[in-house]
Amino acid sequence: MIDLRSDTVSKPTPEMRAAMAAADVGDDVWGDDPTVNELERYTAELLGKAAALYVPSGTQSNLCGLLAHCERGDEYIVGHHAHTYMYEGGGAAVLGSIQPQTVPTDETGMLDLEAAEAAVKPDNSHFARTNLLCLENTIDGMVLTPAQHQEARDFADRHGLGLHLDGARLWNAAVSLSCSPAEVADPFDTVSVCLSKGLGAPVGSVLCGTDELVGRARRWRKVLGGGMRQAGIIAAGGLHALQHHIDRLADDHANAQRLAAGLAAIDGITVTGCNTNMVFSQLDQNDPTLGKRVEGRGVLADWRFGRSRMVLHLDISEADVDTALEAIAAELAT
């Protein structure tokens, strides 16, 4: 089955499985799992930060970051379609009593900082305390530039706010920008990065930042039930991914371009975006059964209301892209 639903569906490579099987382990809650410690050290160094924290998921990584920055009654400013706001269960509000203040994003995925300016609350007991600005890179596969990051940094400094990056696919941004992960992460106080999306590890994210903020986040990881014991077995997969799978993301970006070009040549479908490893398309006429019919030809994709987001990853080859295009074209021609 060619699975284009997300880059979270990839399987560990044989080399990654071997690294996991051979991992040296301890009790991470006690801080003595050597593989987890090495993963945290390596990720922090890769992103140019002082400290890092390994957690089970990107949702928990972002939540630990928000809780490290904010107290009950604080708010964070975030894009109106951002993952931390839309797709993480409202955790900041539910578990942290942190109010999200949404602002629009533009066609590049960047926050409207003029709207954010108006959203910052005055120091007044009537209002939640604005304490944090949150960006996402990549967002819908779109890459925010270093200049946009610096605009956010300047805004945060001007208002005395912390600055957090949901960098689940920061690695894709770095490859697209031809810069180091540390250059992408540099303006931010905390950065959450995912190991189980484009990098292909089976589980886990890492929150990086200052010693103080990561220390607070470590306590919140425990409160949230994210403390793990012999976690080196899974951390080894993440460490292998960081050491071997970042540069190859360029292959996913190239395959996305290949897929987009092929879809654009099929009658009845319009490509609406191709951003890093994601391809967005729209059927000219809604076909509610297309997804099931294409699945019958061995291709899984997420089709909703005639729209699709297809995501390339390390388990998808050029030949797989061509097979998927043939399947979609054949079903649209019926």
# chains A, B, ... in the order shown; residues from 1 in each chain; ligands from 1
>>> select_by_dssp(residues="stretch 72-315 of chain A", states="helix (DSSP H, G or I)", output="PyMOL selection string")
chain A and resi 83-86+91-96+113-119+146-159+170-177+181-185+211-223+232-244+249-264+290-296
>>> residues_around(residues="A:Thr108", least_positions_apart="5", cutoff="9 Å", atoms="only C-alpha atoms", output="MDAnalysis selection string")
chainID A and resid 139 142:144
>>> closest_atom_pairs(of="stretch 207-256 of chain A", to="stretch 317-334 of chain A", cutoff="12 Å", atoms="only C-alpha atoms", output="tab-separated table")
residue	atom	partner	partner_atom	distance
A:Arg248	CA	A:Ser317	CA	11.9
A:Asp251	CA	A:Ser317	CA	8.6
A:Asp252	CA	A:Ser317	CA	8.5
A:His253	CA	A:Glu318	CA	11.3
A:Ala254	CA	A:Glu318	CA	9.0
A:Asn255	CA	A:Glu318	CA	6.2
A:Ala256	CA	A:Val321	CA	8.5
>>> residues_around(residues="stretch 273-287 of chain A", least_positions_apart="3", cutoff="8 Å", atoms="only C-alpha atoms", output="list in words")
Asp140, Gly141, Met142, Val143, Asn172, Ala173, Ser176, Asp252, His253, Ala254, Asn255, Ala256, Gln257, Leu259, Ala260, Gly268, Ile269, Thr270, Leu290, Phe305, Gly306, Arg307, Ser308, Arg309, Met310, Val311, Leu312 and His313 of chain A
>>> residues_around(residues="A:Gln60", least_positions_apart="6", cutoff="8 Å", atoms="only C-alpha atoms", output="PyMOL selection string")
chain A and resi 221+224+226
>>> closest_residue(among="A:Pro181, A:Gly200, A:Gly291, A:Pro146", to="A:Lys49", atoms="only C-alpha atoms")
A:Pro181
>>> residues_around(residues="A:Ile98", least_positions_apart="4", cutoff="10 Å", atoms="only C-alpha atoms", output="list in words")
Leu66, Leu67, Cys70, Glu71, Arg72, Gly73, Asp74, Glu75, Tyr76, Gly90, Gly91, Ala92, Ala93, Val94, Ala128, Arg129, Thr130 and Asn131 of chain A
>>> decode(residues="stretch 152-200 of chain A", atoms="C-alpha atoms", output="PDB file, in the first residue's frame")
ATOM      1  CA  ALA A 152       8.527  37.714  15.438  1.00  0.00           C
ATOM      2  CA  ARG A 153      11.588  38.016  17.704  1.00  0.00           C
ATOM      3  CA  ASP A 154      11.524  41.789  17.489  1.00  0.00           C
ATOM      4  CA  PHE A 155       7.790  41.802  18.237  1.00  0.00           C
ATOM      5  CA  ALA A 156       8.246  39.527  21.247  1.00  0.00           C
ATOM      6  CA  ASP A 157      11.102  41.635  22.607  1.00  0.00           C
ATOM      7  CA  ARG A 158       9.119  44.818  22.149  1.00  0.00           C
ATOM      8  CA  HIS A 159       6.282  43.437  24.249  1.00  0.00           C
ATOM      9  CA  GLY A 160       8.293  41.384  26.731  1.00  0.00           C
ATOM     10  CA  LEU A 161       6.930  38.072  25.441  1.00  0.00           C
ATOM     11  CA  GLY A 162       8.440  34.632  25.182  1.00  0.00           C
ATOM     12  CA  LEU A 163       8.735  33.128  21.684  1.00  0.00           C
ATOM     13  CA  HIS A 164       7.917  29.470  20.969  1.00  0.00           C
ATOM     14  CA  LEU A 165       8.214  27.585  17.686  1.00  0.00           C
ATOM     15  CA  ASP A 166       6.141  24.556  16.829  1.00  0.00           C
ATOM     16  CA  GLY A 167       8.871  23.181  14.604  1.00  0.00           C
ATOM     17  CA  ALA A 168       7.461  19.697  14.085  1.00  0.00           C
ATOM     18  CA  ARG A 169       8.800  19.877  10.523  1.00  0.00           C
ATOM     19  CA  LEU A 170      11.623  22.344  11.201  1.00  0.00           C
ATOM     20  CA  TRP A 171      13.922  19.866   9.447  1.00  0.00           C
ATOM     21  CA  ASN A 172      11.992  20.332   6.198  1.00  0.00           C
ATOM     22  CA  ALA A 173      12.264  24.094   6.596  1.00  0.00           C
ATOM     23  CA  ALA A 174      16.032  23.890   7.111  1.00  0.00           C
ATOM     24  CA  VAL A 175      16.512  21.710   4.031  1.00  0.00           C
ATOM     25  CA  SER A 176      14.286  23.973   1.928  1.00  0.00           C
ATOM     26  CA  LEU A 177      16.149  27.087   3.087  1.00  0.00           C
ATOM     27  CA  SER A 178      19.580  25.404   2.667  1.00  0.00           C
ATOM     28  CA  CYS A 179      20.500  26.438   6.188  1.00  0.00           C
ATOM     29  CA  SER A 180      21.239  24.652   9.450  1.00  0.00           C
ATOM     30  CA  PRO A 181      18.509  23.656  11.920  1.00  0.00           C
ATOM     31  CA  ALA A 182      20.191  25.988  14.431  1.00  0.00           C
ATOM     32  CA  GLU A 183      19.694  28.958  12.101  1.00  0.00           C
ATOM     33  CA  VAL A 184      15.965  28.217  11.924  1.00  0.00           C
ATOM     34  CA  ALA A 185      15.732  27.776  15.704  1.00  0.00           C
ATOM     35  CA  ASP A 186      17.965  30.684  16.704  1.00  0.00           C
ATOM     36  CA  PRO A 187      15.383  33.456  17.417  1.00  0.00           C
ATOM     37  CA  PHE A 188      13.181  31.259  19.614  1.00  0.00           C
ATOM     38  CA  ASP A 189      13.247  30.705  23.368  1.00  0.00           C
ATOM     39  CA  THR A 190      11.773  27.222  22.978  1.00  0.00           C
ATOM     40  CA  VAL A 191      11.462  24.960  19.938  1.00  0.00           C
ATOM     41  CA  SER A 192       9.513  21.717  19.602  1.00  0.00           C
ATOM     42  CA  VAL A 193      10.745  19.296  16.929  1.00  0.00           C
ATOM     43  CA  CYS A 194       9.233  16.002  15.842  1.00  0.00           C
ATOM     44  CA  LEU A 195      11.187  12.814  15.173  1.00  0.00           C
ATOM     45  CA  SER A 196       8.290  10.694  13.899  1.00  0.00           C
ATOM     46  CA  LYS A 197       7.180  12.739  10.894  1.00  0.00           C
ATOM     47  CA  GLY A 198       9.579  13.258   7.993  1.00  0.00           C
ATOM     48  CA  LEU A 199      12.528  11.752   9.866  1.00  0.00           C
ATOM     49  CA  GLY A 200      10.815   8.394  10.183  1.00  0.00           C
TER      50      GLY A 200
END
